[in-house]
>>> print(open('target01.cif').read())   # mmCIF, C-alpha atoms
data_work
loop_
_atom_site.label_atom_id
_atom_site.label_comp_id
_atom_site.auth_asym_id
_atom_site.auth_seq_id
_atom_site.Cartn_x
_atom_site.Cartn_y
_atom_site.Cartn_z
CA MET D 1 -260.85 -25.98 -108.83
CA LYS D 2 -258.91 -22.84 -109.44
CA LYS D 3 -258.57 -22.25 -105.71
CA LYS D 4 -257.28 -25.78 -105.17
CA THR D 5 -254.79 -25.40 -107.98
CA LEU D 6 -253.56 -22.08 -106.62
CA ALA D 7 -253.09 -23.61 -103.18
CA LEU D 8 -251.04 -26.43 -104.62
CA ILE D 9 -248.84 -23.97 -106.54
CA MET D 10 -248.20 -21.89 -103.41
CA ALA D 11 -247.37 -24.99 -101.38
CA ALA D 12 -244.88 -26.11 -104.00
CA ALA D 13 -243.27 -22.68 -104.01
CA MET D 14 -242.86 -22.78 -100.25
CA VAL D 15 -241.20 -26.22 -100.44
CA MET D 16 -238.84 -24.96 -103.15
CA GLY D 17 -238.01 -21.93 -101.05
CA LEU D 18 -237.23 -24.09 -98.04
CA THR D 19 -235.06 -26.36 -100.19
CA ALA D 20 -233.19 -23.38 -101.60
CA CYS D 21 -232.58 -22.00 -98.12
CA GLY D 22 -231.25 -25.37 -96.99
CA SER D 23 -228.79 -25.52 -99.92
CA ALA D 24 -227.48 -22.03 -99.18
CA ALA D 25 -226.92 -22.88 -95.50
CA ASP D 26 -225.08 -26.09 -96.40
CA THR D 27 -222.88 -24.21 -98.87
CA THR D 28 -222.09 -21.55 -96.28
CA THR D 29 -221.20 -24.21 -93.72
CA GLU D 30 -218.93 -26.05 -96.17
CA THR D 31 -217.23 -22.79 -97.16
CA THR D 32 -216.63 -21.88 -93.51
CA GLU D 33 -215.17 -25.31 -92.76
CA THR D 34 -212.89 -25.15 -95.83
CA THR D 35 -211.66 -21.70 -94.82
CA GLU D 36 -210.93 -22.82 -91.28
CA ALA D 37 -209.06 -25.88 -92.56
CA ALA D 38 -207.01 -23.70 -94.91
CA GLU D 39 -206.17 -21.34 -92.05
CA GLU D 40 -205.10 -24.27 -89.86
CA THR D 41 -202.91 -25.61 -92.69
CA THR D 42 -201.35 -22.18 -93.18
CA GLU D 43 -200.66 -21.85 -89.45
CA ALA D 44 -199.07 -25.33 -89.38
CA ALA D 45 -196.91 -24.43 -92.37
CA ASP D 46 -195.87 -21.19 -90.69
CA ASP D 47 -194.97 -23.05 -87.50
CA ALA D 48 -192.92 -25.61 -89.46
CA ALA D 49 -191.13 -22.85 -91.36
CA ALA D 50 -190.38 -21.02 -88.11
CA ALA D 51 -189.03 -24.21 -86.54
CA GLU D 52 -186.84 -24.87 -89.57
CA GLU D 53 -185.54 -21.32 -89.54
CA THR D 54 -184.73 -21.62 -85.84
CA ALA D 55 -182.88 -24.90 -86.46
CA GLU D 56 -180.91 -23.35 -89.32
CA THR D 57 -180.03 -20.34 -87.19
CA THR D 58 -178.86 -22.62 -84.38
CA GLU D 59 -176.78 -24.68 -86.80
CA GLU D 60 -175.25 -21.55 -88.31
CA SER D 61 -174.45 -20.25 -84.82
CA THR D 62 -172.78 -23.56 -83.94
CA ASP D 63 -170.76 -23.55 -87.17
CA THR D 64 -169.72 -19.95 -86.59
CA ALA D 65 -168.72 -20.71 -83.02
CA SER D 66 -166.65 -23.67 -84.22
CA SER D 67 -164.94 -21.70 -86.98
CA ASP D 68 -164.21 -18.81 -84.60
CA LYS D 69 -162.31 -21.05 -82.18
CA VAL D 70 -158.58 -20.40 -82.05
CA TRP D 71 -156.62 -23.49 -81.02
CA VAL D 72 -153.56 -22.80 -78.86
CA VAL D 73 -150.56 -24.90 -79.91
CA ALA D 74 -147.43 -24.99 -77.77
CA THR D 75 -143.94 -25.69 -79.11
CA ASP D 76 -140.26 -25.76 -78.25
CA THR D 77 -138.01 -22.71 -78.49
CA ALA D 78 -135.25 -24.29 -80.56
CA PHE D 79 -135.31 -27.68 -82.25
CA LYS D 80 -133.88 -26.92 -85.66
CA PRO D 81 -135.01 -27.68 -88.35
CA PHE D 82 -138.42 -28.42 -86.83
CA GLU D 83 -138.83 -25.15 -84.93
CA TYR D 84 -136.38 -22.29 -84.58
CA THR D 85 -135.89 -18.56 -85.14
CA ASP D 86 -134.29 -17.73 -88.49
CA ASP D 87 -131.93 -14.89 -89.38
CA LYS D 88 -134.89 -12.56 -89.99
CA GLY D 89 -136.27 -13.17 -86.53
CA ASP D 90 -139.16 -15.30 -87.80
CA PHE D 91 -140.12 -18.49 -86.01
CA VAL D 92 -140.01 -21.20 -88.67
CA GLY D 93 -139.35 -24.89 -89.24
CA ILE D 94 -140.83 -28.17 -90.44
CA ASP D 95 -143.32 -28.36 -87.58
CA MET D 96 -144.48 -24.79 -88.17
CA ASP D 97 -144.95 -25.31 -91.91
CA ILE D 98 -146.78 -28.61 -91.45
CA LEU D 99 -149.10 -27.09 -88.84
CA ASP D 100 -149.83 -24.13 -91.09
CA ALA D 101 -150.52 -26.32 -94.13
CA VAL D 102 -152.80 -28.63 -92.13
CA ALA D 103 -154.73 -25.68 -90.66
CA LYS D 104 -155.30 -24.17 -94.10
CA ASP D 105 -156.42 -27.52 -95.47
CA GLN D 106 -158.87 -28.09 -92.60
CA GLY D 107 -159.96 -24.46 -92.18
CA PHE D 108 -159.15 -23.98 -88.50
CA GLN D 109 -157.42 -21.10 -86.72
CA TYR D 110 -154.51 -21.51 -84.33
CA GLU D 111 -152.05 -19.56 -82.22
CA VAL D 112 -148.51 -20.78 -81.56
CA GLN D 113 -147.00 -20.30 -78.12
CA VAL D 114 -143.21 -20.72 -78.08
CA LEU D 115 -142.68 -22.04 -74.55
CA GLY D 116 -139.91 -24.62 -74.55
CA TRP D 117 -140.20 -28.38 -74.24
CA ASP D 118 -141.03 -28.79 -70.54
CA ALA D 119 -143.23 -25.71 -70.45
CA SER D 120 -145.17 -26.90 -73.51
CA ILE D 121 -145.99 -30.21 -71.82
CA ALA D 122 -146.99 -28.42 -68.62
CA ALA D 123 -149.19 -25.94 -70.50
CA CYS D 124 -151.06 -28.74 -72.24
CA GLN D 125 -151.50 -30.71 -69.04
CA ALA D 126 -152.81 -27.60 -67.26
CA GLY D 127 -155.27 -26.77 -70.05
CA GLN D 128 -153.43 -23.56 -70.98
CA ALA D 129 -152.69 -24.96 -74.45
CA ASP D 130 -154.79 -27.29 -76.58
CA GLY D 131 -152.00 -29.21 -78.29
CA MET D 132 -148.27 -29.49 -78.81
CA ILE D 133 -146.03 -29.92 -81.84
CA ALA D 134 -142.33 -30.07 -81.06
CA GLY D 135 -140.72 -33.11 -82.62
CA ALA D 136 -142.35 -35.34 -79.99
CA SER D 137 -141.66 -39.02 -80.60
CA ILE D 138 -144.65 -41.34 -80.36
CA THR D 139 -143.97 -43.95 -77.68
CA ASP D 140 -146.04 -46.37 -75.62
CA GLU D 141 -144.65 -44.87 -72.42
CA ARG D 142 -145.95 -41.44 -73.35
CA LYS D 143 -149.32 -42.80 -74.37
CA GLU D 144 -149.62 -44.56 -71.02
CA SER D 145 -148.80 -41.33 -69.20
CA GLY D 146 -151.58 -39.36 -70.91
CA TRP D 147 -150.23 -38.20 -74.26
CA ILE D 148 -152.74 -38.57 -77.13
CA PHE D 149 -150.92 -38.60 -80.47
CA SER D 150 -151.82 -37.91 -84.06
CA ASP D 151 -150.59 -40.08 -86.89
CA GLY D 152 -146.83 -39.87 -87.31
CA TYR D 153 -145.56 -37.07 -89.53
CA TYR D 154 -141.79 -37.74 -89.54
CA ASP D 155 -139.58 -40.70 -88.58
CA ALA D 156 -136.43 -39.95 -86.62
CA ASN D 157 -134.01 -41.72 -84.32
CA GLN D 158 -131.59 -40.58 -81.62
CA SER D 159 -127.82 -40.84 -81.57
CA MET D 160 -124.76 -39.51 -79.79
CA ALA D 161 -122.56 -36.56 -80.77
CA VAL D 162 -119.22 -35.40 -79.39
CA ALA D 163 -116.94 -32.41 -79.88
CA ALA D 164 -115.09 -32.43 -83.18
CA GLY D 165 -111.81 -34.32 -82.80
CA SER D 166 -112.94 -36.09 -79.61
CA ASP D 167 -111.33 -39.41 -78.62
CA ILE D 168 -114.77 -40.87 -77.89
CA LYS D 169 -115.63 -43.32 -80.65
CA GLY D 170 -118.46 -45.25 -79.02
CA PHE D 171 -120.42 -45.89 -75.85
CA GLU D 172 -117.52 -47.86 -74.35
CA ASP D 173 -115.49 -44.64 -74.12
CA LEU D 174 -118.07 -42.92 -71.88
CA ASN D 175 -117.17 -44.73 -68.64
CA GLY D 176 -116.85 -42.24 -65.77
CA LYS D 177 -117.94 -39.33 -67.94
CA SER D 178 -121.04 -37.12 -68.12
CA VAL D 179 -123.33 -36.82 -71.13
CA ALA D 180 -125.98 -34.19 -71.88
CA VAL D 181 -129.62 -34.75 -72.80
CA LYS D 182 -132.75 -32.64 -73.14
CA THR D 183 -135.16 -33.09 -70.24
CA ALA D 184 -138.06 -35.53 -70.78
CA SER D 185 -137.03 -36.24 -74.37
CA MET D 186 -136.62 -39.51 -76.24
CA SER D 187 -132.87 -38.88 -76.36
CA ALA D 188 -132.89 -38.65 -72.56
CA THR D 189 -134.69 -41.99 -72.34
CA TYR D 190 -132.18 -43.49 -74.74
CA ALA D 191 -129.18 -42.23 -72.77
CA GLU D 192 -130.71 -43.34 -69.47
CA SER D 193 -131.16 -46.85 -70.85
CA LEU D 194 -127.41 -47.06 -71.54
CA ALA D 195 -126.02 -45.22 -68.51
CA ASP D 196 -125.59 -48.18 -66.14
CA LYS D 197 -124.22 -50.49 -68.79
CA TYR D 198 -121.53 -48.06 -69.93
CA GLY D 199 -120.89 -46.26 -66.62
CA PHE D 200 -121.71 -42.65 -67.47
CA THR D 201 -123.89 -40.05 -65.76
CA VAL D 202 -126.64 -37.98 -67.34
CA THR D 203 -126.90 -34.18 -67.16
CA TYR D 204 -130.16 -32.51 -68.16
CA PHE D 205 -130.70 -29.36 -70.22
CA GLU D 206 -133.82 -27.44 -71.22
CA ASP D 207 -132.97 -27.04 -74.92
CA SER D 208 -130.68 -28.41 -77.61
CA PRO D 209 -128.53 -25.30 -78.34
CA THR D 210 -127.48 -24.96 -74.69
CA MET D 211 -126.71 -28.67 -74.59
CA TYR D 212 -124.54 -28.41 -77.72
CA GLN D 213 -122.56 -25.55 -76.21
CA ALA D 214 -121.87 -27.71 -73.18
CA VAL D 215 -120.39 -30.37 -75.47
CA VAL D 216 -118.23 -27.89 -77.40
CA GLY D 217 -117.19 -26.17 -74.19
CA GLY D 218 -116.11 -29.44 -72.56
CA GLN D 219 -118.62 -29.37 -69.68
CA VAL D 220 -119.86 -32.78 -70.85
CA ALA D 221 -118.20 -35.48 -72.94
CA ALA D 222 -121.09 -36.06 -75.32
CA CYS D 223 -124.77 -35.46 -75.89
CA PHE D 224 -127.75 -37.50 -77.07
CA ASP D 225 -130.32 -35.89 -79.32
CA ASP D 226 -132.51 -36.54 -82.36
CA THR D 227 -130.20 -37.33 -85.27
CA PRO D 228 -131.74 -34.96 -87.86
CA ILE D 229 -131.63 -32.11 -85.35
CA MET D 230 -127.93 -32.53 -84.67
CA ALA D 231 -127.12 -33.06 -88.34
CA SER D 232 -128.99 -29.89 -89.28
CA ASN D 233 -127.26 -27.79 -86.63
CA ILE D 234 -123.82 -29.07 -87.53
CA LYS D 235 -124.44 -28.37 -91.22
CA ASP D 236 -126.10 -24.96 -90.86
CA THR D 237 -124.20 -23.41 -87.97
CA GLY D 238 -120.79 -25.06 -88.31
CA ILE D 239 -120.80 -25.90 -84.60
CA GLY D 240 -117.79 -28.07 -83.70
CA MET D 241 -119.55 -31.38 -83.15
CA GLU D 242 -119.73 -34.69 -84.95
CA ILE D 243 -122.19 -37.56 -84.76
CA VAL D 244 -120.64 -40.85 -83.70
CA ASP D 245 -121.34 -43.63 -86.19
CA GLY D 246 -123.20 -46.67 -84.94
CA THR D 247 -124.81 -44.96 -81.96
CA GLY D 248 -128.33 -44.52 -83.34
CA ASN D 249 -131.35 -46.35 -82.00
CA ASP D 250 -134.41 -47.56 -83.90
CA PRO D 251 -136.42 -44.70 -85.43
CA ALA D 252 -139.78 -43.57 -84.09
CA ALA D 253 -142.35 -41.22 -85.58
CA TYR D 254 -142.95 -37.66 -84.44
CA GLY D 255 -146.56 -36.84 -83.65
CA PHE D 256 -148.79 -33.90 -82.84
CA ALA D 257 -150.05 -34.36 -79.27
CA ILE D 258 -152.91 -33.40 -76.99
CA PHE D 259 -153.39 -34.24 -73.31
CA ASN D 260 -157.17 -33.79 -73.03
CA LYS D 261 -159.68 -36.09 -74.73
CA ASP D 262 -162.00 -33.10 -75.18
CA ASN D 263 -159.55 -31.83 -77.83
CA GLN D 264 -159.87 -34.97 -79.98
CA GLU D 265 -161.32 -32.77 -82.76
CA LEU D 266 -157.90 -31.13 -83.11
CA ILE D 267 -156.19 -34.51 -83.55
CA ASP D 268 -158.82 -35.59 -86.08
CA MET D 269 -158.33 -32.41 -88.12
CA PHE D 270 -154.55 -32.78 -87.96
CA ASN D 271 -154.72 -36.37 -89.21
CA ALA D 272 -157.09 -35.47 -92.06
CA GLY D 273 -155.02 -32.47 -93.08
CA LEU D 274 -151.76 -34.41 -92.88
CA ALA D 275 -153.14 -37.08 -95.21
CA ASN D 276 -154.25 -34.40 -97.66
CA ILE D 277 -150.94 -32.49 -97.75
CA LYS D 278 -149.08 -35.76 -98.23
CA ALA D 279 -151.37 -36.64 -101.13
CA ASP D 280 -151.06 -33.28 -102.90
CA GLY D 281 -147.26 -32.98 -102.53
CA THR D 282 -147.21 -30.13 -99.99
CA TYR D 283 -145.61 -32.33 -97.33
CA ASP D 284 -142.73 -33.33 -99.59
CA GLU D 285 -142.12 -29.69 -100.47
CA ILE D 286 -141.87 -28.79 -96.76
CA ILE D 287 -139.39 -31.57 -96.00
CA ALA D 288 -137.28 -30.69 -99.04
CA LYS D 289 -137.28 -27.02 -98.03
CA TYR D 290 -135.52 -27.80 -94.74
CA LEU D 291 -133.71 -31.07 -95.28
CA GLY D 292 -132.99 -31.03 -99.02
#
>>> encode(input="target01.cif", output="structure tokens")
Amino acid sequence: MKKKTLALIMAAAMVMGLTACGSAADTTTETTETTEAAEETTEAADDAAAAEETAETTEESTDTASSDKVWVVATDTAFKPFEYTDDKGDFVGIDMDILDAVAKDQGFQYEVQVLGWDASIAACQAGQADGMIAGASITDERKESGWIFSDGYYDANQSMAVAAGSDIKGFEDLNGKSVAVKTASMSATYAESLADKYGFTVTYFEDSPTMYQAVVGGQVAACFDDTPIMASNIKDTGIGMEIVDGTGNDPAAYGFAIFNKDNQELIDMFNAGLANIKADGTYDEIIAKYLG
């Protein structure tokens, strides 16, 4: 009886030992699986973090590249009061101040190239300049020929001026005479539209000051140019010219222009900045500074 009891006790002990061993193995297996899962989760998190960091770095690089871009803007040499050289030798004017204010508002960098009217157009068309601001009137004809304009930033018309004391009082007095215009300008288009009707010929000049000297010097009988430009020059320089009443056409807006659709960003920034400087009063201050 004692032997049988002892045998039963030993058998029970062996079963308990086997059960205990099985529990330990299961625990070890579960621990190993949990550890491996944790490691996989950590690796996935590290990969996601690395991917995010790479994306952020790429975005920062793109932003930096964009902010480092310097836009090249071409302009005329003399179109007072929109662009001209002042007594101190500084290149100033309404266009220059508007461009500067817009650039500051939008946070872009730019470089102005003073090339002249024709050369500015050519530089933009050849990709040597990104945009142009030079008192360029927004017209359908220009749009059809490849100009891409911003919103208008100033309304102006064109009219005729003659030497002070001239006998010419209107278009009817131009028959058989020669008048001066600036090449490829709205004033040239205006004069050309009247030439046949009133019997005059058109002579072309590269810039306004040279054209004005031709009027004063008697090489031409009159000139056509943007009205505010002539008025400003007559007032500020005392040049011997006068604007003939009743010779103005309908006004059109000046616009910033590009010639390449890839530079649309520049137009978009100009439009946004222009709206902002009009809203905060900066635009009015610029106009008053030059035109009173």
>>> atom_distance(input="target01.cif", atom1="atom CA of D:Lys177", atom2="atom CA of D:Val215")
12.0 Å
>>> closest_residue(input="target01.cif", among="D:Gln219, D:Ser208, D:Gln109, D:Gln125", to="D:Ile258", atoms="only C-alpha atoms")
D:Gln125
>>> closest_atom_pairs(input="target01.cif", of="stretch 137-253 of chain D", to="stretch 70-77 of chain D", cutoff="10 Å", atoms="all atoms listed in the file", output="CSV")
residue,atom,partner,partner_atom,distance
D:Glu206,CA,D:Thr77,CA,9.6
D:Asp207,CA,D:Thr77,CA,7.5
D:Ser208,CA,D:Thr77,CA,9.3
D:Pro209,CA,D:Thr77,CA,9.8
>>> write_last_selection(input="target01.cif", atoms="C-alpha atoms", output="PDB file, in the frame of the given file")
ATOM      1  CA  GLU D 206    -133.820 -27.440 -71.220  1.00  0.00           C
ATOM      2  CA  ASP D 207    -132.970 -27.040 -74.920  1.00  0.00           C
ATOM      3  CA  SER D 208    -130.680 -28.410 -77.610  1.00  0.00           C
ATOM      4  CA  PRO D 209    -128.530 -25.300 -78.340  1.00  0.00           C
TER       5      PRO D 209
END
>>> closest_residue(input="target01.cif", among="D:Tyr190, D:Leu115, D:Met132, D:Tyr84", to="D:Asp250", atoms="only C-alpha atoms")
D:Tyr190
>>> atom_distance(input="target01.cif", atom1="atom CA of D:Ile234", atom2="atom CA of D:Asp86")
15.5 Å
>>> closest_residue(input="target01.cif", among="D:Ile94, D:Met230, D:Ala184, D:Leu266", to="D:Ala119", atoms="all atoms listed in the file")
D:Ala184
>>> closest_residue(input="target01.cif", among="D:Asp151, D:Asp262, D:Asp87, D:Glu242", to="D:Gly127", atoms="only C-alpha atoms")
D:Asp262
>>> resolve_selection(input="target01.cif", expression="the PyMOL selection byres ((chain D and resi 108) around 10)", output="VMD selection string")
chain D and resid 66 to 71 100 102 to 107 109 to 110 266 269 to 270
>>> residues_around(input="target01.cif", residues="stretch 155-160 of chain D", least_positions_apart="2", cutoff="8 Å", atoms="only C-alpha atoms", output="compact mmCIF listing (two decimals) with C-alpha atoms, in the frame of the given file")
# COMPACT_ATOMS: atom_id res chain seq x y z
CA GLY D 152 -146.83 -39.87 -87.31
CA TYR D 153 -145.56 -37.07 -89.53
CA VAL D 162 -119.22 -35.40 -79.39
CA MET D 186 -136.62 -39.51 -76.24
CA SER D 187 -132.87 -38.88 -76.36
CA TYR D 190 -132.18 -43.49 -74.74
CA ALA D 222 -121.09 -36.06 -75.32
CA CYS D 223 -124.77 -35.46 -75.89
CA PHE D 224 -127.75 -37.50 -77.07
CA ASP D 225 -130.32 -35.89 -79.32
CA ASP D 226 -132.51 -36.54 -82.36
CA THR D 227 -130.20 -37.33 -85.27
CA PRO D 228 -131.74 -34.96 -87.86
CA ILE D 243 -122.19 -37.56 -84.76
CA VAL D 244 -120.64 -40.85 -83.70
CA THR D 247 -124.81 -44.96 -81.96
CA GLY D 248 -128.33 -44.52 -83.34
CA ASN D 249 -131.35 -46.35 -82.00
CA ASP D 250 -134.41 -47.56 -83.90
CA PRO D 251 -136.42 -44.70 -85.43
CA ALA D 252 -139.78 -43.57 -84.09
CA ALA D 253 -142.35 -41.22 -85.58
CA TYR D 254 -142.95 -37.66 -84.44
>>> atom_distance(input="target01.cif", atom1="atom CA of D:Thr237", atom2="atom CA of D:Gly255")
26.4 Å
>>> closest_residue(input="target01.cif", among="D:Gly240, D:Asp118, D:Ala101, D:Ile286", to="D:Tyr204", atoms="only C-alpha atoms")
D:Asp118
>>> closest_residue(input="target01.cif", among="D:Val114, D:Ile239, D:Ile267, D:Ile121", to="D:Ser145", atoms="all atoms listed in the file")
D:Ile121
>>> residues_around(input="target01.cif", residues="D:Asn175", least_positions_apart="3", cutoff="12 Å", atoms="all atoms listed in the file", output="ChimeraX atom specification")
/D:168,170-172,178-179,194-202,221-222
>>> build_atoms(input="target01.cif", residues="stretch 150-160 of chain D", atoms="all heavy atoms", output="PDB file, in the frame of the given file")
ATOM      1  N   SER D 150    -151.308 -37.838 -82.683  1.00  0.00           N
ATOM      2  CA  SER D 150    -151.820 -37.910 -84.060  1.00  0.00           C
ATOM      3  C   SER D 150    -151.107 -39.044 -84.779  1.00  0.00           C
ATOM      4  O   SER D 150    -150.282 -39.758 -84.194  1.00  0.00           O
ATOM      5  CB  SER D 150    -151.516 -36.593 -84.794  1.00  0.00           C
ATOM      6  OG  SER D 150    -150.101 -36.470 -85.004  1.00  0.00           O
ATOM      7  N   ASP D 151    -151.398 -39.193 -86.053  1.00  0.00           N
ATOM      8  CA  ASP D 151    -150.590 -40.080 -86.890  1.00  0.00           C
ATOM      9  C   ASP D 151    -149.173 -39.502 -86.963  1.00  0.00           C
ATOM     10  O   ASP D 151    -148.972 -38.287 -86.825  1.00  0.00           O
ATOM     11  CB  ASP D 151    -151.178 -40.168 -88.295  1.00  0.00           C
ATOM     12  CG  ASP D 151    -152.557 -40.804 -88.303  1.00  0.00           C
ATOM     13  OD1 ASP D 151    -152.856 -41.589 -87.375  1.00  0.00           O
ATOM     14  OD2 ASP D 151    -153.334 -40.525 -89.240  1.00  0.00           O
ATOM     15  N   GLY D 152    -148.202 -40.349 -87.205  1.00  0.00           N
ATOM     16  CA  GLY D 152    -146.830 -39.870 -87.310  1.00  0.00           C
ATOM     17  C   GLY D 152    -146.617 -38.999 -88.536  1.00  0.00           C
ATOM     18  O   GLY D 152    -147.184 -39.271 -89.599  1.00  0.00           O
ATOM     19  N   TYR D 153    -145.820 -37.945 -88.383  1.00  0.00           N
ATOM     20  CA  TYR D 153    -145.560 -37.070 -89.530  1.00  0.00           C
ATOM     21  C   TYR D 153    -144.086 -37.023 -89.933  1.00  0.00           C
ATOM     22  O   TYR D 153    -143.738 -36.426 -90.957  1.00  0.00           O
ATOM     23  CB  TYR D 153    -146.082 -35.655 -89.278  1.00  0.00           C
ATOM     24  CG  TYR D 153    -145.403 -34.895 -88.158  1.00  0.00           C
ATOM     25  CD1 TYR D 153    -144.237 -34.169 -88.387  1.00  0.00           C
ATOM     26  CD2 TYR D 153    -145.942 -34.868 -86.875  1.00  0.00           C
ATOM     27  CE1 TYR D 153    -143.611 -33.464 -87.376  1.00  0.00           C
ATOM     28  CE2 TYR D 153    -145.335 -34.151 -85.855  1.00  0.00           C
ATOM     29  CZ  TYR D 153    -144.170 -33.456 -86.105  1.00  0.00           C
ATOM     30  OH  TYR D 153    -143.559 -32.763 -85.093  1.00  0.00           O
ATOM     31  N   TYR D 154    -143.198 -37.668 -89.138  1.00  0.00           N
ATOM     32  CA  TYR D 154    -141.790 -37.740 -89.540  1.00  0.00           C
ATOM     33  C   TYR D 154    -141.109 -38.800 -88.682  1.00  0.00           C
ATOM     34  O   TYR D 154    -141.311 -38.852 -87.463  1.00  0.00           O
ATOM     35  CB  TYR D 154    -141.086 -36.387 -89.343  1.00  0.00           C
ATOM     36  CG  TYR D 154    -139.674 -36.366 -89.884  1.00  0.00           C
ATOM     37  CD1 TYR D 154    -139.430 -36.094 -91.229  1.00  0.00           C
ATOM     38  CD2 TYR D 154    -138.591 -36.658 -89.060  1.00  0.00           C
ATOM     39  CE1 TYR D 154    -138.133 -36.110 -91.733  1.00  0.00           C
ATOM     40  CE2 TYR D 154    -137.298 -36.677 -89.560  1.00  0.00           C
ATOM     41  CZ  TYR D 154    -137.073 -36.403 -90.898  1.00  0.00           C
ATOM     42  OH  TYR D 154    -135.782 -36.425 -91.402  1.00  0.00           O
ATOM     43  N   ASP D 155    -140.305 -39.654 -89.313  1.00  0.00           N
ATOM     44  CA  ASP D 155    -139.580 -40.700 -88.580  1.00  0.00           C
ATOM     45  C   ASP D 155    -138.162 -40.225 -88.277  1.00  0.00           C
ATOM     46  O   ASP D 155    -137.450 -39.756 -89.169  1.00  0.00           O
ATOM     47  CB  ASP D 155    -139.510 -41.986 -89.410  1.00  0.00           C
ATOM     48  CG  ASP D 155    -140.853 -42.675 -89.532  1.00  0.00           C
ATOM     49  OD1 ASP D 155    -141.744 -42.366 -88.708  1.00  0.00           O
ATOM     50  OD2 ASP D 155    -141.021 -43.505 -90.438  1.00  0.00           O
ATOM     51  N   ALA D 156    -137.776 -40.368 -87.010  1.00  0.00           N
ATOM     52  CA  ALA D 156    -136.430 -39.950 -86.620  1.00  0.00           C
ATOM     53  C   ALA D 156    -135.913 -40.873 -85.516  1.00  0.00           C
ATOM     54  O   ALA D 156    -136.692 -41.476 -84.773  1.00  0.00           O
ATOM     55  CB  ALA D 156    -136.440 -38.509 -86.122  1.00  0.00           C
ATOM     56  N   ASN D 157    -134.595 -40.974 -85.425  1.00  0.00           N
ATOM     57  CA  ASN D 157    -134.010 -41.720 -84.320  1.00  0.00           C
ATOM     58  C   ASN D 157    -133.103 -40.804 -83.513  1.00  0.00           C
ATOM     59  O   ASN D 157    -132.956 -39.621 -83.824  1.00  0.00           O
ATOM     60  CB  ASN D 157    -133.250 -42.957 -84.822  1.00  0.00           C
ATOM     61  CG  ASN D 157    -131.954 -42.593 -85.519  1.00  0.00           C
ATOM     62  OD1 ASN D 157    -131.754 -41.464 -85.956  1.00  0.00           O
ATOM     63  ND2 ASN D 157    -131.056 -43.575 -85.655  1.00  0.00           N
ATOM     64  N   GLN D 158    -132.497 -41.339 -82.468  1.00  0.00           N
ATOM     65  CA  GLN D 158    -131.590 -40.580 -81.620  1.00  0.00           C
ATOM     66  C   GLN D 158    -130.195 -41.194 -81.705  1.00  0.00           C
ATOM     67  O   GLN D 158    -130.060 -42.403 -81.923  1.00  0.00           O
ATOM     68  CB  GLN D 158    -132.058 -40.591 -80.155  1.00  0.00           C
ATOM     69  CG  GLN D 158    -133.317 -39.789 -79.882  1.00  0.00           C
ATOM     70  CD  GLN D 158    -134.574 -40.467 -80.395  1.00  0.00           C
ATOM     71  OE1 GLN D 158    -134.732 -41.681 -80.262  1.00  0.00           O
ATOM     72  NE2 GLN D 158    -135.448 -39.693 -81.017  1.00  0.00           N
ATOM     73  N   SER D 159    -129.196 -40.342 -81.539  1.00  0.00           N
ATOM     74  CA  SER D 159    -127.820 -40.840 -81.570  1.00  0.00           C
ATOM     75  C   SER D 159    -126.948 -39.937 -80.697  1.00  0.00           C
ATOM     76  O   SER D 159    -127.443 -38.968 -80.093  1.00  0.00           O
ATOM     77  CB  SER D 159    -127.281 -40.894 -83.002  1.00  0.00           C
ATOM     78  OG  SER D 159    -127.367 -39.619 -83.620  1.00  0.00           O
ATOM     79  N   MET D 160    -125.682 -40.247 -80.655  1.00  0.00           N
ATOM     80  CA  MET D 160    -124.760 -39.510 -79.790  1.00  0.00           C
ATOM     81  C   MET D 160    -123.814 -38.647 -80.627  1.00  0.00           C
ATOM     82  O   MET D 160    -123.362 -39.057 -81.701  1.00  0.00           O
ATOM     83  CB  MET D 160    -123.937 -40.500 -78.959  1.00  0.00           C
ATOM     84  CG  MET D 160    -122.984 -39.854 -77.966  1.00  0.00           C
ATOM     85  SD  MET D 160    -122.091 -41.084 -76.966  1.00  0.00           S
ATOM     86  CE  MET D 160    -120.894 -41.724 -78.141  1.00  0.00           C
TER      87      MET D 160
END
